[in-house]
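Following: one structure in structure tokens, then a few remarks.
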Amino acid sequence: MKHVITALVENQPGVLARIVGLISGRGFNIETLNVAPTLDPTCSRMTIKVPGDDRVLEQVTKQLNKLIDVIKVTDLTQKRYLNRELVLAEVAATPQKRQEIVELIKLLSDAKVVSVQEKSLTIQMIGEQDKINDFLKLLKPFRILDISRSGVIAVARGE
Amino acid sequence: MRTGAQCIMDGLQEAGVKTIFGLPGGAVLDIFARLYHAPFEFILTRHEQGATHMADGYARATGKPGCCIVTSGPGATNTVTGLATAYMDGIPMVCISGQVHSHMIGNDAFQEADTTGITRAVTKHNYLVKKVDDLPRIIAEAFYIASTGKPGPVVIDVPKDIQQASTKVQTPKEINMRGYNPATNGHSKQIEKLAKAINKARKPVFYAGGGVIAGDAAEELTILARKAKVPVTTTLMGLGSFPETDPLALRMLGMHGSVAANHAVSSCDLLVSIGARFDDRVTGKVSQFAPHAVIAHIDIDPSSISKSVATDIPVVGHAKLVLKELIDQIEPVDRSEWLAQVTKWQKEFPFSYNKNEKQLLPQYVIEQIYEVSNGDAIIVTDVGQHQMWSAHFFKYTKPRTFLSSGGLGTMGYGMPAAIGAQCGIRNKTIVNIAGDGSIQMNFQELVVAVEHKLPINVVILNNGHLGMVRQWQEMFYKKEYSASTLGQANRPKNEHIKHEGKDIYLPDFVKLAEAHGAMGIRVTKKEEVGKALHKAFGTDGPVVIDCIVKPEENVYPMVPPGASLTEMVQSMA
Ligand SMILES: Cc1ncc(C[n+]2csc(CCOP(=O)(O)OP(=O)(O)O)c2C)c(N)n1
């Protein structure tokens, strides 16, 4: 079971270290973690994906809430929410192969070629995590040279 | 305009600080320059660990936050054990550390340490002050955080240039932290549900922890238990939250708990935990802890609830307020059968030891402390067998009379904590019951008690061993006594030292006490104990009594690690 939680935190130095330290110090894992400012410049939003059952999640949430710099913690898994991830993938592409890959990318509305090199293409894709995983599977036969994933960001959906 | 150093002085005064413990250094000279003129009693300790334990003992004895000031680098790193000790037991404390110049931070400057990084996991919160304008607010916040919710230590790391810089900013009138809103009142519906459960229960038990003491709720607990006629067991941290002389007192539970407490918890139909956190030393094998009981848990810290044992009726709130609300909803219920069973356990299996033993026994010494002080003393312990015997053979009737490192189990806590406690409460007999291992960890602080004429009584139960380690080795490690012998004889081969036949006292605690300017008394026989204690209690400076006790004595009952509470071992025989 995986949980996506978001935490609204004070936008201050040391807060990230505090949160990561707490989660790792208590023996919990972090699968992905994303931090960025919010509309209110004094706050940041963290999106944290943690593997574990409901009890693990309950502890993570409670422990995070205990931190003075944490303003609000929400377990999105229990709510309607949207999630997105961005991936940049560099795929081997000789001039002969290039066209084949470009054709494939055209079938996907969320993916595009963002850079062309002599022997490779860099492709960007934005989507839900499942879709990203499927997309990477699709690219595999072309030989993926490198990837960089943003980790998931998420937001609750309004009613 | 005020300098940062002056803001600290003013902030401490506004927070009601009277006594400060600490030791100076380059990075805090500006603060000490202001301290020179400030209205605080300053206790110059001989080690920063001593300062933190003193602040901790002061806080535990008085209920007010302890305060210490230390320098950067080694000064700050020396506080880590003391902070962790206070953090584990929820003790309010504010520790101010100096830091190198702001522009030097990160450069491996002289005596630089990443103090906020190092202390993050052992504090409730910590601050690195970046602007002098923030300092008045931070000090006020630090004391608020330290002493509200589940209390704990807070570190304020202040770079030297911030101490010197000036500001016009005043202390804020109100503290407003959007990320910190400690719970106070419990949810009325939950309290009602709990009251119903208590009224319905046929075999209920109250299980009280340090939260009852921190929350100043001992009186409410006592009223509630007596009204509801519910037996009460306490944790080590909860000793004194319910009078142990009361027929309803089951006394301590857990690994070295009483038979009555462990049996009662194991057969109860309702267990109400009040400010206790189901520590593994309390529960034994979790799956068999209170197996027949509905579990209710009152705690100010939501993260304590359902952490290790699933809770049926959680109540998040301040113990005092929740208990007050509960008392009114309690109905008289006839539980004579259950109480008769409890009495039977109490009568049949009290804490006991061999009274016919010729050699001086540690348990006897503690009973004598109870007798000679008429049960009216603050007991401060170190960690080990003597700590458990102190829980067994002295009966605690009032909160804040048993001070001990429960969560972290810090050897060396006792003497400095006793000094801190005596700084806060001058007119009470304070006894540090220590082991010969533990006492050596912070012995240097005795000088402080001598200087300030603090009449603490240090009773060393000198068994020539790291006794608790020795006991575990005897019971679970094939009697292979690796590194647990402090005397010179009978050491294992790899620790063998040359010595001429007879053991000598090494160190000689009597001489050591005298070298520090205190009185030292050696006791080797039963008959001498009472006299020595009378003399010590009547002396207006610190006294060290070195009691040479039987080395092989073990603490019983004992629940072996991983076993359930009913599987208590009563003796080695
Ligand atoms: C700082 C520290 N180091 C090690 C331990 C592990 N430990 C627990 S009890 C104990 C023995 C304590 O010996 P002593 O103070 O003589 O007390 P006794 O058990 O003999 O009463 C040790 C080494 C500890 N609790 N704290």
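Labels used: A, B, ... for chains in the order of the structure tokens, numbers from 1 for residues in each chain, and numbers from 1 for ligands as shown.
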**Message:** Need the shell around Ile144 (chain A): protein/DNA/RNA residues with any atom at most 12 Å away, counting only C-alpha atoms. Skip same-chain ones fewer than 3 positions apart. Format as a list in words?
**Reply:**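 Contacts, in chain order: Leu88, Ala89, Glu90, Val91, Ala92, Ala93, Ile101, Lys119, Ser120, Leu121, Thr122, Ile123, Phe135, Leu136, Lys137, Leu138, Leu139, Lys140, Pro141, Ile147 and Ser148 of chain A.
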Preceding selection exported with C-alpha atoms as an mmCIF file, in the first residue's frame:
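Full text of selection10.cif as output:
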data_model
loop_
_atom_site.group_PDB
_atom_site.id
_atom_site.type_symbol
_atom_site.label_atom_id
_atom_site.label_comp_id
_atom_site.auth_asym_id
_atom_site.auth_seq_id
_atom_site.Cartn_x
_atom_site.Cartn_y
_atom_site.Cartn_z
ATOM 1 C CA LEU A 88 12.617 13.524 -18.701
ATOM 2 C CA ALA A 89 13.920 10.484 -20.553
ATOM 3 C CA GLU A 90 16.902 10.361 -22.838
ATOM 4 C CA VAL A 91 16.513 7.588 -25.380
ATOM 5 C CA ALA A 92 19.142 6.262 -27.762
ATOM 6 C CA ALA A 93 18.168 7.347 -31.302
ATOM 7 C CA ILE A 101 10.334 7.134 -31.848
ATOM 8 C CA LYS A 119 22.551 9.938 -31.121
ATOM 9 C CA SER A 120 19.661 10.494 -28.783
ATOM 10 C CA LEU A 121 16.337 12.194 -28.117
ATOM 11 C CA THR A 122 15.153 13.702 -24.848
ATOM 12 C CA ILE A 123 11.458 13.205 -24.227
ATOM 13 C CA PHE A 135 5.349 5.207 -20.854
ATOM 14 C CA LEU A 136 8.766 4.179 -19.634
ATOM 15 C CA LYS A 137 7.947 0.556 -20.425
ATOM 16 C CA LEU A 138 7.081 1.621 -23.936
ATOM 17 C CA LEU A 139 10.441 3.365 -24.374
ATOM 18 C CA LYS A 140 12.447 0.504 -23.015
ATOM 19 C CA PRO A 141 13.038 -1.343 -26.293
ATOM 20 C CA ILE A 147 15.849 9.381 -16.818
ATOM 21 C CA SER A 148 14.989 11.990 -14.254
#
**Request:** Excluding region 65-80 of chain A and any residue of its chain fewer than 3 positions from it, enumerate the residues within 9 Å of it, using only C-alpha atoms, and give them as number ranges by chain.
**Result:** A: 2-12, 15, 18-19, 43, 57, 60-62, 154-159; B: 124-125, 145, 177-181, 301-303
**Request:** Find the residues around region 103-105 of chain B up to 12 Å (only C-alpha atoms counted), leave out those fewer than 2 positions away in its own chain, and share them as a list in words.
**Result:**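 Residues near the query, excluding close chain neighbours: Ser72, Gly73, Gly98, Gln99, Val100, His101, Asn107, Asp108, Ala109, Phe110, Gln111, Glu112, Ala113, Asp114, Thr115, Thr116, Leu128, Val129, Lys130, Asp157, Val158, Pro159, Lys160, Asp161 and Ile162 of chain B.
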Pull C-alpha atoms from the residues just selected and write them as a CSV table (one decimal), in the first residue's frame.
chain,number,residue,atom,x,y,z
B,72,SER,CA,29.2,26.5,20.8
B,73,GLY,CA,30.9,23.3,19.5
B,98,GLY,CA,26.4,30.0,21.5
B,99,GLN,CA,27.2,29.7,17.8
B,100,VAL,CA,30.1,31.1,15.7
B,101,HIS,CA,29.6,34.3,13.8
B,107,ASN,CA,33.2,27.1,7.3
B,108,ASP,CA,34.3,24.6,9.9
B,109,ALA,CA,35.2,27.6,12.1
B,110,PHE,CA,36.8,27.1,15.5
B,111,GLN,CA,34.3,25.5,17.9
B,112,GLU,CA,31.7,25.3,15.2
B,113,ALA,CA,29.2,22.4,15.4
B,114,ASP,CA,25.9,22.1,13.5
B,115,THR,CA,24.0,22.3,16.8
B,116,THR,CA,20.5,22.5,15.4
B,128,LEU,CA,19.1,28.9,14.8
B,129,VAL,CA,18.7,32.6,15.2
B,130,LYS,CA,19.3,34.4,11.9
B,157,ASP,CA,21.4,28.5,19.0
B,158,VAL,CA,22.5,32.1,18.9
B,159,PRO,CA,25.5,33.2,16.8
B,160,LYS,CA,27.9,35.6,18.4
B,161,ASP,CA,27.1,38.5,16.1
B,162,ILE,CA,23.4,38.2,16.9
**Asked** Within 7 Å of ligand 1, counting only C-alpha atoms and all ligand atoms: which residues, as a list in words?
**Response**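 Those within range of ligand 1 are Asp382, Val383, Gly384, Gln385, His386, Gln387, Gly409, Thr410, Met411, Gly412, Ala434, Gly435, Asp436, Gly437, Ser438, Ile439, Leu461, Asn462, Asn463, His465, Leu466, Gly467, Met468 and Val469 of chain B.
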**Residue contacts of Ala260 (chain B) (7 Å, only C-alpha atoms) excluding same-chain residues fewer than 5 positions away, as an NGL selection string** = :B and (250 or 342 or 345-346)
For those residues, write C-alpha atoms to a file as a short mmCIF file (atom, residue, chain, number, x, y, z; two decimals), in the first residue's frame.
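Once everything was written out, this is again12.cif:
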data_model
loop_
_atom_site.label_atom_id
_atom_site.label_comp_id
_atom_site.auth_asym_id
_atom_site.auth_seq_id
_atom_site.Cartn_x
_atom_site.Cartn_y
_atom_site.Cartn_z
CA LEU B 250 -0.97 -1.88 42.59
CA VAL B 342 -6.32 -7.55 43.90
CA TRP B 345 -2.22 -10.57 45.01
CA GLN B 346 -0.93 -7.60 46.99
#
**Message:** Need to verify the contact set: Gly4 (chain B), 8 Å, only C-alpha atoms, exclusion of same-chain residues closer than 4 positions in sequence. Can you return it as a ChimeraX atom specification?
**Reply:** /B:8,132,135,162-167
**All residues 12 Å or closer to Asn374 (chain B), only C-alpha atoms, same chain fewer than 3 positions away omitted, as an MDAnalysis selection string** = chainID B and resid 367:371 377:378 394:397 429 533:534 537
Could you dump the residues just selected with N, CA, C and O atoms as a short mmCIF file (atom, residue, chain, number, x, y, z; two decimals), in the first residue's frame?
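Final output, again-v6.cif:
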data_model
loop_
_atom_site.label_atom_id
_atom_site.label_comp_id
_atom_site.auth_asym_id
_atom_site.auth_seq_id
_atom_site.Cartn_x
_atom_site.Cartn_y
_atom_site.Cartn_z
N GLU B 367 14.93 0.73 52.16
CA GLU B 367 13.89 0.72 53.19
C GLU B 367 14.25 1.66 54.34
O GLU B 367 13.40 2.35 54.88
N GLN B 368 15.53 1.67 54.66
CA GLN B 368 15.99 2.55 55.74
C GLN B 368 15.84 4.03 55.34
O GLN B 368 15.50 4.87 56.16
N ILE B 369 16.13 4.33 54.09
CA ILE B 369 15.94 5.71 53.61
C ILE B 369 14.48 6.11 53.80
O ILE B 369 14.15 7.21 54.24
N TYR B 370 13.59 5.16 53.49
CA TYR B 370 12.15 5.41 53.65
C TYR B 370 11.81 5.66 55.12
O TYR B 370 11.09 6.61 55.46
N GLU B 371 12.37 4.81 55.99
CA GLU B 371 12.10 4.94 57.42
C GLU B 371 12.63 6.25 57.97
O GLU B 371 11.89 7.02 58.59
N ALA B 377 10.73 12.47 51.20
CA ALA B 377 11.99 12.87 50.56
C ALA B 377 11.77 12.83 49.06
O ALA B 377 10.84 12.20 48.58
N ILE B 378 12.64 13.54 48.36
CA ILE B 378 12.64 13.40 46.91
C ILE B 378 13.76 12.41 46.58
O ILE B 378 14.91 12.62 46.98
N PHE B 394 10.74 2.09 48.33
CA PHE B 394 10.33 3.39 48.86
C PHE B 394 8.91 3.59 48.35
O PHE B 394 8.64 3.29 47.19
N LYS B 395 8.00 4.03 49.21
CA LYS B 395 6.63 4.22 48.74
C LYS B 395 6.39 5.69 48.45
O LYS B 395 6.51 6.53 49.33
N TYR B 396 6.03 5.98 47.21
CA TYR B 396 5.85 7.37 46.77
C TYR B 396 4.40 7.76 46.94
O TYR B 396 3.49 7.02 46.53
N THR B 397 4.19 8.90 47.54
CA THR B 397 2.81 9.31 47.80
C THR B 397 2.48 10.64 47.14
O THR B 397 1.32 11.03 47.08
N THR B 429 14.36 17.08 51.97
CA THR B 429 15.42 16.09 51.93
C THR B 429 15.47 15.47 50.54
O THR B 429 14.46 14.98 50.04
N LEU B 533 22.45 7.57 57.82
CA LEU B 533 21.40 8.38 57.19
C LEU B 533 20.98 9.54 58.09
O LEU B 533 20.83 10.67 57.62
N HIS B 534 20.83 9.26 59.38
CA HIS B 534 20.49 10.34 60.32
C HIS B 534 21.52 11.44 60.25
O HIS B 534 21.19 12.62 60.18
N PHE B 537 21.22 13.32 56.86
CA PHE B 537 20.04 14.18 56.76
C PHE B 537 20.16 15.40 57.66
O PHE B 537 19.52 16.42 57.43
#
**DSSP-assigned strand (DSSP E or B) members of region 316-426 of chain B, reported as a list of chain:residue names** =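 Filtering region 316-426 of chain B to strand (DSSP E or B) leaves B:Val316, B:Ile378, B:Ile379, B:Val380, B:Thr381, B:Phe402, B:Leu403.
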For the residues selected in the previous step, produce a file with N, CA and C atoms as a short mmCIF file (atom, residue, chain, number, x, y, z; two decimals), in the first residue's frame.
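Contents of result_32.cif, freshly written:
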data_model
loop_
_atom_site.label_atom_id
_atom_site.label_comp_id
_atom_site.auth_asym_id
_atom_site.auth_seq_id
_atom_site.Cartn_x
_atom_site.Cartn_y
_atom_site.Cartn_z
N VAL B 316 -7.84 12.56 23.39
CA VAL B 316 -6.70 13.46 23.29
C VAL B 316 -7.00 14.69 24.12
N ILE B 378 12.64 13.54 48.36
CA ILE B 378 12.64 13.40 46.91
C ILE B 378 13.76 12.41 46.58
N ILE B 379 13.39 11.35 45.90
CA ILE B 379 14.38 10.34 45.53
C ILE B 379 14.79 10.57 44.08
N VAL B 380 16.09 10.65 43.84
CA VAL B 380 16.61 10.83 42.49
C VAL B 380 17.52 9.64 42.21
N THR B 381 17.31 8.95 41.11
CA THR B 381 18.12 7.75 40.89
C THR B 381 19.01 7.88 39.67
N PHE B 402 9.85 11.40 42.78
CA PHE B 402 10.71 10.36 42.23
C PHE B 402 11.22 10.84 40.88
N LEU B 403 12.51 11.16 40.82
CA LEU B 403 13.09 11.71 39.60
C LEU B 403 14.07 10.71 39.02
#
**Asked** Can you list, as number ranges by chain, every protein, DNA or RNA residue that comes within 8 Å of Ile456 (chain B) when you count only C-alpha atoms, leaving out same-chain residues fewer than 4 positions away?
**Response** B: 418-419, 422, 429-432, 449, 541-543
Can those selected residues be exported to a file as a PDB file, in the first residue's frame so that it contains C-alpha atoms?
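The result, stored in out_22.pdb:
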ATOM      1  CA  ALA B 418      19.510  15.985  42.597  1.00  0.00           C
ATOM      2  CA  ILE B 419      21.521  19.214  42.651  1.00  0.00           C
ATOM      3  CA  GLN B 422      17.645  21.043  45.471  1.00  0.00           C
ATOM      4  CA  THR B 429      15.424  16.088  51.929  1.00  0.00           C
ATOM      5  CA  ILE B 430      16.796  14.929  48.598  1.00  0.00           C
ATOM      6  CA  VAL B 431      18.428  11.557  48.203  1.00  0.00           C
ATOM      7  CA  ASN B 432      20.299  10.454  45.114  1.00  0.00           C
ATOM      8  CA  ALA B 449      26.644  21.026  45.793  1.00  0.00           C
ATOM      9  CA  GLY B 541      26.017  20.242  53.047  1.00  0.00           C
ATOM     10  CA  PRO B 542      26.219  17.297  50.695  1.00  0.00           C
ATOM     11  CA  VAL B 543      27.060  13.851  52.092  1.00  0.00           C
TER      12      VAL B 543
END
**Item:** Those in region 144-296 of chain B with helix (DSSP H, G or I) from DSSP, as a ChimeraX atom specification
**Value:** /B:144-147,160-164,188-200,210-214,218-228,259-267,280-283,286-288
**Message:** From the options A:Thr94, A:Leu64, A:Thr32, A:Thr38, which residue's atoms come nearest to chain B, counting only C-alpha atoms?
**Reply:** A:Leu64
**Prompt:** In Å, with one decimal, what is the gap from CA of Lys227 (chain B) to CA of Asn199 (chain B)?
**Reply:**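 It comes out at 11.1 Å.
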